[in-house]
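S.K.: The structure under discussion is supplied below as structure tokens; questions concerning it will follow.
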Amino acid sequence: MSQHVTRSRQLPDAEDGTAETETTDAPSDTTDAPVEGKAEGKGGWFGWRRKYPRTAQGVTVGITVLAGVLVLFALLMPNRLERLNPSAFLRIPAEGVLLAGLLLALPPRPRRIMAVASGVFLGLLTILKFVDMGFYQVLARPFDLVLDWILLDDATDFLRESFGRTGQVLAVVAVIVLFAAVLVLTTLATVRLTNLMVRHRPAAARTTLVLGTAWITCVTLSVQVAGTQVATKGNAEFLGNRVEQVRAGLRDARVFQQQAAVDAFAKTPPDQLLTGLRGKDVLFTFIESYGRVAIDDPAMAPQIDAVLKEGTRTLDAAGFASRSAWLKSPVTGAGSWLAHSTFLSGLWIKNQQRYRSLTTSDRMTLTNYFGKTGAWRTVGVVPGVRRAWPEGKFFGLDHIYDSEHLGYHGPYFSWTPVPDQFSLEAFERLEHGRKDRQPIMAEIILASSHNPWAPVARMIDWNDLGDGSVFHEIKKDGKDPKEVWKNPESVRTEYRRAIEYSLRSTTEWVERYGDENTVLVFLGDHQPVPTVTAGDRSKDVPITIVARDKKVLDRISDWGWTDGLKPAPDGPRWGMDAFRDRFMTAYGPQNSG
């Protein structure tokens, strides 16, 4: 026999914690005994919460606390590694207070949407801060949301070339997993805290009001803890700066177009260009990461100073004189191609957008002007190029020798495909040492002092270079970059050794192969990464001109450059973009007197 009974159950509202009663009519058997085979509800977590209620409650509280810590961390995390200290998290974030108030005020459905959207946005903000940390560690600047995406591809290439394919894959997978975890966890944490606030609405409202009042008070009184303002609106300022960065990036294209249209030598006849260097071999040589820190830093200065003094002395004995000064690079830490194009084009190429605009324009560079005269064969020695380089055509070089065309059969030294000494010897063999040739203008990129500076090649007898196979044993004697980078002081030491090697390769080549017609201009492209510069914000790099013909250096006597290979601390300092026009003016017909 069956009868009609009324059943009721409580339906909890996941959002505000209130319960409403749902009443239903359902047929039921008159038997009160439990139906055989019907089990009592197991509770959450497969019955574990019912079986261990106290432990379950502790786990629940622990997860909620972790959610709060994660959200607070995301709100207060700085975007620079050196600012990541305890005082950074002893602050009241205005954005967190406002978000809590908004979530409490919204009705259930919009509140759920806002909680999820806020969690995702907070995760993206956290990821951007992590990316900024990496950019500050390498480039001493934040990530540019408009212009820097191409650099991520360069970063993965660097990982592969420095740590192998396995290291690259592991690093990329780890980053993807980390970013995905940040997005998911910040979203879940924000939703969980939202539900907690709604279940305890009165207490949450009072807490939000107290925090808001405290924030206003701290702002008014400028309250600080360990030199850090307690009241912060850092995320709002962070986002405001990013919006302005995007606007500036979009405006910069128009500004650069106007600057690139101005060229003082565009209408100069070919026979009036670079007349003071006719018959000379002019070599523009970039030494990777050769920055001011190598000369000024007390931990490196004694050894670098000794190398520069020795080079000055040996070159002087060979009949060469030299003058040195400083240039300000548009970049620091990385971005060599931006520095190279700034130096050669006479334009400030500070980002990839400007570089692309330059290399797709008809702007004349130093290399183009040498070629325009018809008086020089123009070549490039670019061992760092290991794949298609369509921009190379822009620089107007008659021939380009990349890493595959220097005759090198030795090993890579981490990122560096060809040791500097071999690159210079290859240039001698392929171009400079040829008989019955016309004068050469060469752009030479020396890459041995490229990050990660381990293992570092060492100088050997020039006659023993052969096809480079000798460097296999030299590499075995070198250091593992993974071990070197565990200690900043080890990184700085290996950087200094790499610069010493590059400088010695350069000066010994001049001493060995230079002659009356050799004019060498060598310079750094940018400062090394902040791990090496140790907080030095300077973008200065040394530049030196070496020649045996006295008349070559007489033409720049009014520049005020320092005698020798080492620039004076207070020596002239130009923007790197100023060099092209000053150089062409000094060696033009108007300066023949």
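Residues in the structure tokens are numbered from 1 in each chain, the chains being A, B, ... in the order shown, and ligands are numbered from 1 in the order shown.
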For stretch 237-250 of chain A, please output as a ChimeraX atom specification all residues within 8 Å (counting only C-alpha atoms; exclusion window: fewer than 4 positions along the same chain).

M.R.: /A:144-147,233,254

S.K.: Next, write the just-selected residues to a file, as a short mmCIF file (atom, residue, chain, number, x, y, z; two decimals), in the first residue's frame, keeping C-alpha atoms as the atom set.

M.R.:
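Dumped to out07.cif:
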data_model
loop_
_atom_site.label_atom_id
_atom_site.label_comp_id
_atom_site.auth_asym_id
_atom_site.auth_seq_id
_atom_site.Cartn_x
_atom_site.Cartn_y
_atom_site.Cartn_z
CA ASP A 144 56.51 45.93 -24.19
CA LEU A 145 53.03 44.63 -24.98
CA VAL A 146 53.20 46.00 -28.53
CA LEU A 147 56.78 45.45 -29.66
CA LYS A 233 47.44 51.47 -5.73
CA ARG A 254 54.91 58.36 -36.85
#

S.K.: For the structure I just gave you, how does DSSP split stretch 385-485 of chain A - specifically, which residues are helix (DSSP H, G or I)? Reply as a PDB file with N, CA and C atoms, in the first residue's frame.

M.R.:
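Produced file selection_38.pdb, reproduced below:
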ATOM      1  N   PRO A 390      67.005  38.129 -43.971  1.00  0.00           N
ATOM      2  CA  PRO A 390      66.608  38.991 -45.095  1.00  0.00           C
ATOM      3  C   PRO A 390      66.989  40.450 -44.891  1.00  0.00           C
ATOM      4  N   GLU A 391      67.091  40.894 -43.617  1.00  0.00           N
ATOM      5  CA  GLU A 391      67.462  42.283 -43.362  1.00  0.00           C
ATOM      6  C   GLU A 391      68.868  42.601 -43.829  1.00  0.00           C
ATOM      7  N   GLY A 392      69.694  41.550 -44.033  1.00  0.00           N
ATOM      8  CA  GLY A 392      71.066  41.772 -44.459  1.00  0.00           C
ATOM      9  C   GLY A 392      71.156  42.552 -45.757  1.00  0.00           C
ATOM     10  N   LYS A 393      70.171  42.380 -46.638  1.00  0.00           N
ATOM     11  CA  LYS A 393      70.181  43.107 -47.912  1.00  0.00           C
ATOM     12  C   LYS A 393      70.079  44.613 -47.697  1.00  0.00           C
ATOM     13  N   PHE A 394      69.385  45.006 -46.629  1.00  0.00           N
ATOM     14  CA  PHE A 394      69.197  46.434 -46.365  1.00  0.00           C
ATOM     15  C   PHE A 394      70.533  47.141 -46.164  1.00  0.00           C
ATOM     16  N   PHE A 395      71.488  46.465 -45.537  1.00  0.00           N
ATOM     17  CA  PHE A 395      72.767  47.109 -45.220  1.00  0.00           C
ATOM     18  C   PHE A 395      73.704  47.190 -46.424  1.00  0.00           C
ATOM     19  N   SER A 403      77.748  31.958 -39.977  1.00  0.00           N
ATOM     20  CA  SER A 403      78.469  30.910 -39.247  1.00  0.00           C
ATOM     21  C   SER A 403      78.750  29.682 -40.110  1.00  0.00           C
ATOM     22  N   GLU A 404      77.958  29.499 -41.176  1.00  0.00           N
ATOM     23  CA  GLU A 404      78.130  28.318 -42.033  1.00  0.00           C
ATOM     24  C   GLU A 404      79.158  28.529 -43.136  1.00  0.00           C
ATOM     25  N   HIS A 405      79.661  29.745 -43.273  1.00  0.00           N
ATOM     26  CA  HIS A 405      80.539  30.036 -44.417  1.00  0.00           C
ATOM     27  C   HIS A 405      81.891  30.615 -43.994  1.00  0.00           C
ATOM     28  N   ASP A 420      85.942  34.126 -31.495  1.00  0.00           N
ATOM     29  CA  ASP A 420      86.352  35.380 -32.132  1.00  0.00           C
ATOM     30  C   ASP A 420      87.671  35.263 -32.884  1.00  0.00           C
ATOM     31  N   GLN A 421      88.629  34.592 -32.293  1.00  0.00           N
ATOM     32  CA  GLN A 421      89.933  34.484 -32.950  1.00  0.00           C
ATOM     33  C   GLN A 421      89.784  33.799 -34.311  1.00  0.00           C
ATOM     34  N   PHE A 422      88.960  32.770 -34.371  1.00  0.00           N
ATOM     35  CA  PHE A 422      88.747  32.082 -35.641  1.00  0.00           C
ATOM     36  C   PHE A 422      88.000  32.974 -36.630  1.00  0.00           C
ATOM     37  N   SER A 423      86.998  33.724 -36.155  1.00  0.00           N
ATOM     38  CA  SER A 423      86.243  34.622 -37.048  1.00  0.00           C
ATOM     39  C   SER A 423      87.174  35.623 -37.716  1.00  0.00           C
ATOM     40  N   LEU A 424      88.084  36.196 -36.936  1.00  0.00           N
ATOM     41  CA  LEU A 424      89.015  37.184 -37.489  1.00  0.00           C
ATOM     42  C   LEU A 424      90.021  36.534 -38.441  1.00  0.00           C
ATOM     43  N   GLU A 425      90.465  35.320 -38.096  1.00  0.00           N
ATOM     44  CA  GLU A 425      91.378  34.603 -38.996  1.00  0.00           C
ATOM     45  C   GLU A 425      90.665  34.236 -40.298  1.00  0.00           C
ATOM     46  N   ALA A 426      89.383  33.880 -40.206  1.00  0.00           N
ATOM     47  CA  ALA A 426      88.613  33.568 -41.404  1.00  0.00           C
ATOM     48  C   ALA A 426      88.465  34.808 -42.288  1.00  0.00           C
ATOM     49  N   PHE A 427      88.232  35.955 -41.672  1.00  0.00           N
ATOM     50  CA  PHE A 427      88.162  37.209 -42.431  1.00  0.00           C
ATOM     51  C   PHE A 427      89.469  37.474 -43.158  1.00  0.00           C
ATOM     52  N   GLU A 428      90.576  37.195 -42.500  1.00  0.00           N
ATOM     53  CA  GLU A 428      91.882  37.365 -43.134  1.00  0.00           C
ATOM     54  C   GLU A 428      92.020  36.425 -44.328  1.00  0.00           C
ATOM     55  N   ARG A 429      91.636  35.183 -44.128  1.00  0.00           N
ATOM     56  CA  ARG A 429      91.781  34.173 -45.181  1.00  0.00           C
ATOM     57  C   ARG A 429      90.837  34.423 -46.363  1.00  0.00           C
ATOM     58  N   LEU A 430      89.607  34.811 -46.053  1.00  0.00           N
ATOM     59  CA  LEU A 430      88.590  34.936 -47.105  1.00  0.00           C
ATOM     60  C   LEU A 430      88.600  36.277 -47.825  1.00  0.00           C
ATOM     61  N   GLU A 431      89.043  37.340 -47.132  1.00  0.00           N
ATOM     62  CA  GLU A 431      88.935  38.670 -47.721  1.00  0.00           C
ATOM     63  C   GLU A 431      90.211  39.504 -47.596  1.00  0.00           C
ATOM     64  N   HIS A 432      90.589  39.811 -46.364  1.00  0.00           N
ATOM     65  CA  HIS A 432      91.653  40.780 -46.139  1.00  0.00           C
ATOM     66  C   HIS A 432      93.000  40.320 -46.690  1.00  0.00           C
ATOM     67  N   TRP A 462      97.977  31.542 -33.638  1.00  0.00           N
ATOM     68  CA  TRP A 462      97.172  31.762 -34.841  1.00  0.00           C
ATOM     69  C   TRP A 462      97.449  30.697 -35.899  1.00  0.00           C
ATOM     70  N   ASN A 463      98.647  30.183 -35.924  1.00  0.00           N
ATOM     71  CA  ASN A 463      98.996  29.155 -36.908  1.00  0.00           C
ATOM     72  C   ASN A 463      98.353  27.808 -36.608  1.00  0.00           C
ATOM     73  N   ASP A 464      97.828  27.649 -35.397  1.00  0.00           N
ATOM     74  CA  ASP A 464      97.233  26.371 -34.998  1.00  0.00           C
ATOM     75  C   ASP A 464      95.713  26.343 -35.139  1.00  0.00           C
ATOM     76  N   PHE A 471      89.350  23.540 -31.132  1.00  0.00           N
ATOM     77  CA  PHE A 471      88.526  24.104 -30.067  1.00  0.00           C
ATOM     78  C   PHE A 471      87.688  23.052 -29.331  1.00  0.00           C
ATOM     79  N   HIS A 472      87.614  21.833 -29.846  1.00  0.00           N
ATOM     80  CA  HIS A 472      86.900  20.781 -29.124  1.00  0.00           C
ATOM     81  C   HIS A 472      87.527  20.546 -27.752  1.00  0.00           C
ATOM     82  N   GLU A 473      88.841  20.437 -27.716  1.00  0.00           N
ATOM     83  CA  GLU A 473      89.527  20.220 -26.440  1.00  0.00           C
ATOM     84  C   GLU A 473      89.435  21.445 -25.551  1.00  0.00           C
ATOM     85  N   ILE A 474      89.498  22.614 -26.164  1.00  0.00           N
ATOM     86  CA  ILE A 474      89.396  23.853 -25.384  1.00  0.00           C
ATOM     87  C   ILE A 474      88.024  23.952 -24.718  1.00  0.00           C
ATOM     88  N   LYS A 475      86.989  23.560 -25.447  1.00  0.00           N
ATOM     89  CA  LYS A 475      85.651  23.603 -24.864  1.00  0.00           C
ATOM     90  C   LYS A 475      85.530  22.636 -23.694  1.00  0.00           C
ATOM     91  N   LYS A 476      86.131  21.459 -23.808  1.00  0.00           N
ATOM     92  CA  LYS A 476      86.064  20.486 -22.718  1.00  0.00           C
ATOM     93  C   LYS A 476      86.669  21.042 -21.437  1.00  0.00           C
ATOM     94  N   ASP A 477      87.679  21.894 -21.585  1.00  0.00           N
ATOM     95  CA  ASP A 477      88.327  22.485 -20.414  1.00  0.00           C
ATOM     96  C   ASP A 477      87.522  23.641 -19.821  1.00  0.00           C
ATOM     97  N   PRO A 481      77.814  26.258 -18.225  1.00  0.00           N
ATOM     98  CA  PRO A 481      77.035  27.471 -17.933  1.00  0.00           C
ATOM     99  C   PRO A 481      76.013  27.278 -16.813  1.00  0.00           C
ATOM    100  N   LYS A 482      75.456  26.070 -16.689  1.00  0.00           N
ATOM    101  CA  LYS A 482      74.470  25.827 -15.623  1.00  0.00           C
ATOM    102  C   LYS A 482      75.109  25.979 -14.254  1.00  0.00           C
ATOM    103  N   GLU A 483      76.356  25.566 -14.144  1.00  0.00           N
ATOM    104  CA  GLU A 483      77.065  25.716 -12.859  1.00  0.00           C
ATOM    105  C   GLU A 483      77.471  27.172 -12.628  1.00  0.00           C
ATOM    106  N   VAL A 484      77.923  27.826 -13.675  1.00  0.00           N
ATOM    107  CA  VAL A 484      78.360  29.218 -13.551  1.00  0.00           C
ATOM    108  C   VAL A 484      77.215  30.101 -13.081  1.00  0.00           C
TER     109      VAL A 484
END

S.K.: Do you know which residues are at most 7 Å from A:Leu366 counting only C-alpha atoms, after dropping those on the same chain fewer than 4 positions away, and could you put them as a PyMOL selection string?

M.R.: chain A and resi 344-345+370+580

S.K.: Write out as number ranges by chain which residues come within 12 Å of A:Asp296 when counting only C-alpha atoms, dropping same-chain ones fewer than 5 positions away.

M.R.: A: 290-291, 301-305, 496, 527, 533, 536, 538, 540-542, 566-570

S.K.: Would you save the residues of that selection, restricted to N, CA and C atoms, as a compact mmCIF listing (two decimals), in the first residue's frame?

M.R.:
# COMPACT_ATOMS: atom_id res chain seq x y z
N TYR A 290 80.28 44.30 -24.66
CA TYR A 290 81.43 45.05 -24.14
C TYR A 290 80.91 46.40 -23.65
N GLY A 291 80.58 46.47 -22.36
CA GLY A 291 79.99 47.66 -21.79
C GLY A 291 80.90 48.37 -20.81
N ALA A 301 87.90 45.83 -13.29
CA ALA A 301 88.76 46.88 -13.84
C ALA A 301 90.24 46.51 -13.88
N PRO A 302 90.81 45.91 -12.82
CA PRO A 302 92.26 45.63 -12.87
C PRO A 302 92.65 44.73 -14.04
N GLN A 303 91.87 43.65 -14.27
CA GLN A 303 92.21 42.72 -15.34
C GLN A 303 91.95 43.32 -16.73
N ILE A 304 90.81 43.99 -16.88
CA ILE A 304 90.50 44.61 -18.18
C ILE A 304 91.48 45.74 -18.47
N ASP A 305 91.80 46.51 -17.44
CA ASP A 305 92.77 47.60 -17.61
C ASP A 305 94.11 47.07 -18.08
N ARG A 496 83.93 38.72 -17.53
CA ARG A 496 85.19 39.45 -17.64
C ARG A 496 86.21 38.67 -18.47
N GLN A 527 75.61 47.12 -22.83
CA GLN A 527 76.02 46.60 -21.54
C GLN A 527 75.51 45.16 -21.36
N THR A 533 76.00 43.80 -14.36
CA THR A 533 76.14 45.24 -14.06
C THR A 533 75.83 45.55 -12.61
N ASP A 536 74.00 48.85 -12.05
CA ASP A 536 74.46 49.99 -12.84
C ASP A 536 73.48 50.23 -13.98
N SER A 538 73.73 52.52 -16.36
CA SER A 538 74.36 53.15 -17.52
C SER A 538 74.19 52.28 -18.77
N ASP A 540 76.31 53.01 -21.38
CA ASP A 540 77.53 53.39 -22.10
C ASP A 540 78.32 52.17 -22.54
N VAL A 541 78.93 52.29 -23.72
CA VAL A 541 79.85 51.28 -24.24
C VAL A 541 81.11 51.99 -24.73
N PRO A 542 82.26 51.34 -24.65
CA PRO A 542 83.50 51.96 -25.17
C PRO A 542 83.55 51.88 -26.70
N LYS A 566 91.72 52.68 -23.88
CA LYS A 566 90.82 52.84 -22.75
C LYS A 566 90.31 54.28 -22.67
N PRO A 567 89.00 54.49 -22.79
CA PRO A 567 88.48 55.86 -22.69
C PRO A 567 88.58 56.39 -21.27
N ALA A 568 88.82 57.69 -21.14
CA ALA A 568 88.87 58.31 -19.82
C ALA A 568 87.48 58.27 -19.20
N PRO A 569 87.39 58.16 -17.86
CA PRO A 569 86.08 58.13 -17.20
C PRO A 569 85.19 59.32 -17.56
N ASP A 570 85.82 60.48 -17.74
CA ASP A 570 85.05 61.68 -18.09
C ASP A 570 85.20 62.04 -19.57

S.K.: Under the rule of at most 12 Å, produce a per-residue listing of stretch 507-531 of chain A near stretch 448-454 of chain A: chain, number, name, the closest pair of atoms, and the distance in Å, as CSV, using only C-alpha atoms.

M.R.:
residue,atom,partner,partner_atom,distance
A:Gly524,CA,A:Ser449,CA,10.2
A:Asp525,CA,A:His450,CA,10.7
A:His526,CA,A:His450,CA,10.7
A:Gln527,CA,A:His450,CA,10.8
A:Pro528,CA,A:Asn451,CA,7.8
A:Val529,CA,A:Asn451,CA,8.2
A:Pro530,CA,A:Asn451,CA,11.6
A:Thr531,CA,A:Asn451,CA,10.8

S.K.: Would you output that residue set with N, CA, C and O atoms, as a CSV table (one decimal), in the first residue's frame?

M.R.:
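Written output follows (part.csv):
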chain,number,residue,atom,x,y,z
A,524,GLY,N,81.7,48.3,-28.2
A,524,GLY,CA,80.7,47.4,-27.6
A,524,GLY,C,79.3,47.7,-28.2
A,524,GLY,O,79.1,48.8,-28.7
A,525,ASP,N,78.4,46.7,-28.2
A,525,ASP,CA,77.1,47.0,-28.7
A,525,ASP,C,76.1,47.4,-27.6
A,525,ASP,O,75.3,48.2,-27.7
A,526,HIS,N,76.3,46.8,-26.4
A,526,HIS,CA,75.5,47.2,-25.2
A,526,HIS,C,76.1,46.6,-23.9
A,526,HIS,O,77.0,45.8,-24.0
A,527,GLN,N,75.6,47.1,-22.8
A,527,GLN,CA,76.0,46.6,-21.5
A,527,GLN,C,75.5,45.2,-21.4
A,527,GLN,O,74.5,44.8,-22.0
A,528,PRO,N,76.2,44.4,-20.5
A,528,PRO,CA,75.7,43.0,-20.2
A,528,PRO,C,74.4,43.0,-19.4
A,528,PRO,O,73.9,44.1,-19.0
A,529,VAL,N,73.9,41.9,-19.0
A,529,VAL,CA,72.7,41.8,-18.2
A,529,VAL,C,72.9,42.3,-16.8
A,529,VAL,O,74.0,42.4,-16.3
A,530,PRO,N,71.8,42.7,-16.1
A,530,PRO,CA,71.9,43.2,-14.8
A,530,PRO,C,72.6,42.3,-13.8
A,530,PRO,O,73.2,42.8,-12.8
A,531,THR,N,72.6,41.0,-14.0
A,531,THR,CA,73.4,40.1,-13.1
A,531,THR,C,74.9,40.6,-13.1
A,531,THR,O,75.6,40.4,-12.1

S.K.: Could you pull the residues within 12 Å of A:Met114, counting only C-alpha atoms, minus those fewer than 2 positions along the same chain, as an MDAnalysis selection string?

M.R.: chainID A and resid 99:112 116:122 187 190:191 194

S.K.: Find the residue from A:Met584, A:Ala318, A:Val177, A:Val293 that sits nearest to A:Ile556; use only C-alpha atoms when measuring.

M.R.: A:Met584

S.K.: Among stretch 150-274 of chain A, which ones does DSSP place in strand (DSSP E or B), written as a ChimeraX atom specification?

M.R.: /A:224-225,228-229,231-232

S.K.: Next, dump the selected residues to file, keeping only N, CA and C atoms, as a PDB file, in the first residue's frame.

M.R.:
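Output contents, as saved in part19.pdb:
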ATOM      1  N   GLN A 224      54.631  54.374   6.380  1.00  0.00           N
ATOM      2  CA  GLN A 224      55.562  53.490   5.696  1.00  0.00           C
ATOM      3  C   GLN A 224      56.034  52.371   6.618  1.00  0.00           C
ATOM      4  N   VAL A 225      56.396  51.261   6.020  1.00  0.00           N
ATOM      5  CA  VAL A 225      57.028  50.150   6.719  1.00  0.00           C
ATOM      6  C   VAL A 225      58.286  49.791   5.955  1.00  0.00           C
ATOM      7  N   THR A 228      58.596  51.482   2.701  1.00  0.00           N
ATOM      8  CA  THR A 228      57.576  51.194   1.686  1.00  0.00           C
ATOM      9  C   THR A 228      56.229  51.731   2.145  1.00  0.00           C
ATOM     10  N   GLN A 229      55.527  52.443   1.263  1.00  0.00           N
ATOM     11  CA  GLN A 229      54.209  52.971   1.589  1.00  0.00           C
ATOM     12  C   GLN A 229      53.243  51.821   1.877  1.00  0.00           C
ATOM     13  N   ALA A 231      49.840  52.042   2.136  1.00  0.00           N
ATOM     14  CA  ALA A 231      48.706  52.155   1.212  1.00  0.00           C
ATOM     15  C   ALA A 231      49.234  52.188  -0.219  1.00  0.00           C
ATOM     16  N   THR A 232      48.730  51.301  -1.059  1.00  0.00           N
ATOM     17  CA  THR A 232      49.235  51.230  -2.426  1.00  0.00           C
ATOM     18  C   THR A 232      48.094  51.108  -3.430  1.00  0.00           C
TER      19      THR A 232
END

S.K.: So that I can check the surroundings of stretch 129-133 of chain A, please list as a ChimeraX atom specification every protein, DNA and RNA residue that reaches within 8 Å of it, counting only C-alpha atoms and ignoring chain neighbours fewer than 4 positions away.

M.R.: /A:77-81,125,137,141-143

S.K.: Provide the atom CA of A:Lys267 to atom CA of A:Phe579 distance in Å, to one decimal place.

M.R.: 19.1 Å

S.K.: Quote the spacing between atom CA of A:Phe522 and atom CA of A:Leu503 in Å to one decimal place.

M.R.: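 We find that atom CA of A:Phe522 and atom CA of A:Leu503 lie 9.5 Å from each other.
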
S.K.: Nearest to A:Gly560 among A:Pro572, A:Arg387, A:Asp581, A:Met300, with distances taken over only C-alpha atoms: which residue is it?

M.R.: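 When distances to A:Gly560 are compared using only C-alpha atoms, the smallest one comes from A:Pro572.
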
S.K.: For each of A:Val491, A:Ala203, A:Ala94, A:Ala457, take the minimum atom-to-atom distance to A:Pro411, counting only C-alpha atoms, then give the residue where this is smallest.

M.R.: A:Ala457

S.K.: Report the distance between atom CA of A:Asp467 and atom CA of A:His340 in Å, rounded to one decimal place.

M.R.: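 Separation of atom CA of A:Asp467 and atom CA of A:His340: 28.3 Å.
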
S.K.: Give me the residues near stretch 65-76 of chain A as a PyMOL selection string, where near means some atom within 8 Å (using only C-alpha atoms) and where sequence neighbours in that chain fewer than 2 positions away do not count.

M.R.: chain A and resi 61-63+78+88-89+91+93+95-96+122-123+125-126+186+188-190+192-193+234-235

S.K.: Can I get the selection written as a compact mmCIF listing (two decimals), in the first residue's frame, with N, CA and C atoms?

M.R.:
# COMPACT_ATOMS: atom_id res chain seq x y z
N VAL A 61 39.74 24.96 5.91
CA VAL A 61 40.26 26.24 6.39
C VAL A 61 41.63 26.51 5.76
N GLY A 62 42.46 25.48 5.68
CA GLY A 62 43.79 25.65 5.10
C GLY A 62 43.73 26.08 3.64
N ILE A 63 42.82 25.46 2.87
CA ILE A 63 42.68 25.83 1.46
C ILE A 63 42.22 27.27 1.34
N PRO A 78 55.43 42.75 -6.80
CA PRO A 78 56.05 43.74 -7.70
C PRO A 78 56.45 43.08 -9.01
N ALA A 88 57.15 44.42 0.74
CA ALA A 88 56.25 44.58 -0.40
C ALA A 88 54.87 43.99 -0.12
N PHE A 89 54.80 43.04 0.83
CA PHE A 89 53.53 42.38 1.12
C PHE A 89 52.90 42.87 2.43
N ARG A 91 51.36 45.66 2.84
CA ARG A 91 50.68 46.84 2.30
C ARG A 91 49.19 46.55 2.12
N PRO A 93 46.31 46.92 -0.56
CA PRO A 93 46.07 47.24 -1.97
C PRO A 93 44.69 47.86 -2.18
N GLU A 95 43.09 48.22 -4.87
CA GLU A 95 42.31 47.43 -5.81
C GLU A 95 41.59 46.27 -5.13
N GLY A 96 42.26 45.66 -4.14
CA GLY A 96 41.63 44.56 -3.41
C GLY A 96 40.45 45.02 -2.58
N LEU A 122 43.34 38.86 -12.68
CA LEU A 122 44.43 38.89 -11.70
C LEU A 122 45.53 37.90 -12.09
N GLY A 123 45.13 36.76 -12.66
CA GLY A 123 46.12 35.80 -13.13
C GLY A 123 46.95 36.36 -14.27
N LEU A 125 47.49 39.48 -14.91
CA LEU A 125 48.33 40.54 -14.35
C LEU A 125 49.57 39.95 -13.68
N THR A 126 49.38 38.85 -12.99
CA THR A 126 50.50 38.18 -12.33
C THR A 126 51.49 37.63 -13.35
N THR A 186 44.48 31.43 -9.47
CA THR A 186 43.98 32.76 -9.07
C THR A 186 42.47 32.86 -9.28
N LEU A 188 40.25 30.24 -9.20
CA LEU A 188 39.61 29.45 -8.15
C LEU A 188 39.70 30.13 -6.79
N ALA A 189 40.85 30.74 -6.52
CA ALA A 189 41.03 31.41 -5.23
C ALA A 189 40.09 32.61 -5.09
N THR A 190 39.93 33.37 -6.16
CA THR A 190 39.05 34.54 -6.10
C THR A 190 37.59 34.11 -5.90
N ARG A 192 36.56 31.33 -4.49
CA ARG A 192 36.43 30.78 -3.14
C ARG A 192 36.31 31.89 -2.10
N LEU A 193 37.13 32.91 -2.22
CA LEU A 193 37.07 34.03 -1.27
C LEU A 193 35.77 34.81 -1.41
N GLY A 234 49.28 50.18 -6.54
CA GLY A 234 50.31 49.78 -7.50
C GLY A 234 49.79 49.14 -8.76
N ASN A 235 48.73 48.33 -8.65
CA ASN A 235 48.20 47.67 -9.85
C ASN A 235 47.57 48.68 -10.80

S.K.: Mind running stretch 447-539 of chain A against stretch 544-549 of chain A at 12 Å and telling me each contacting residue's nearest atom pair with the distance in Å (one decimal), counting only C-alpha atoms, chain and number ascending, as CSV?

M.R.:
residue,atom,partner,partner_atom,distance
A:Leu503,CA,A:Thr544,CA,11.4
A:Thr506,CA,A:Val546,CA,10.8
A:Thr507,CA,A:Val546,CA,9.5
A:Val510,CA,A:Val546,CA,8.8
A:Glu511,CA,A:Arg548,CA,10.6
A:Gly514,CA,A:Arg548,CA,8.4
A:Asp515,CA,A:Arg548,CA,6.9
A:Glu516,CA,A:Arg548,CA,5.4
A:Asn517,CA,A:Asp549,CA,7.1
A:Thr518,CA,A:Ala547,CA,6.0
A:Val519,CA,A:Ala547,CA,4.8
A:Leu520,CA,A:Val546,CA,5.0
A:Val521,CA,A:Ile545,CA,4.5
A:Phe522,CA,A:Thr544,CA,5.4
A:Leu523,CA,A:Thr544,CA,6.3
A:Gly524,CA,A:Thr544,CA,9.6
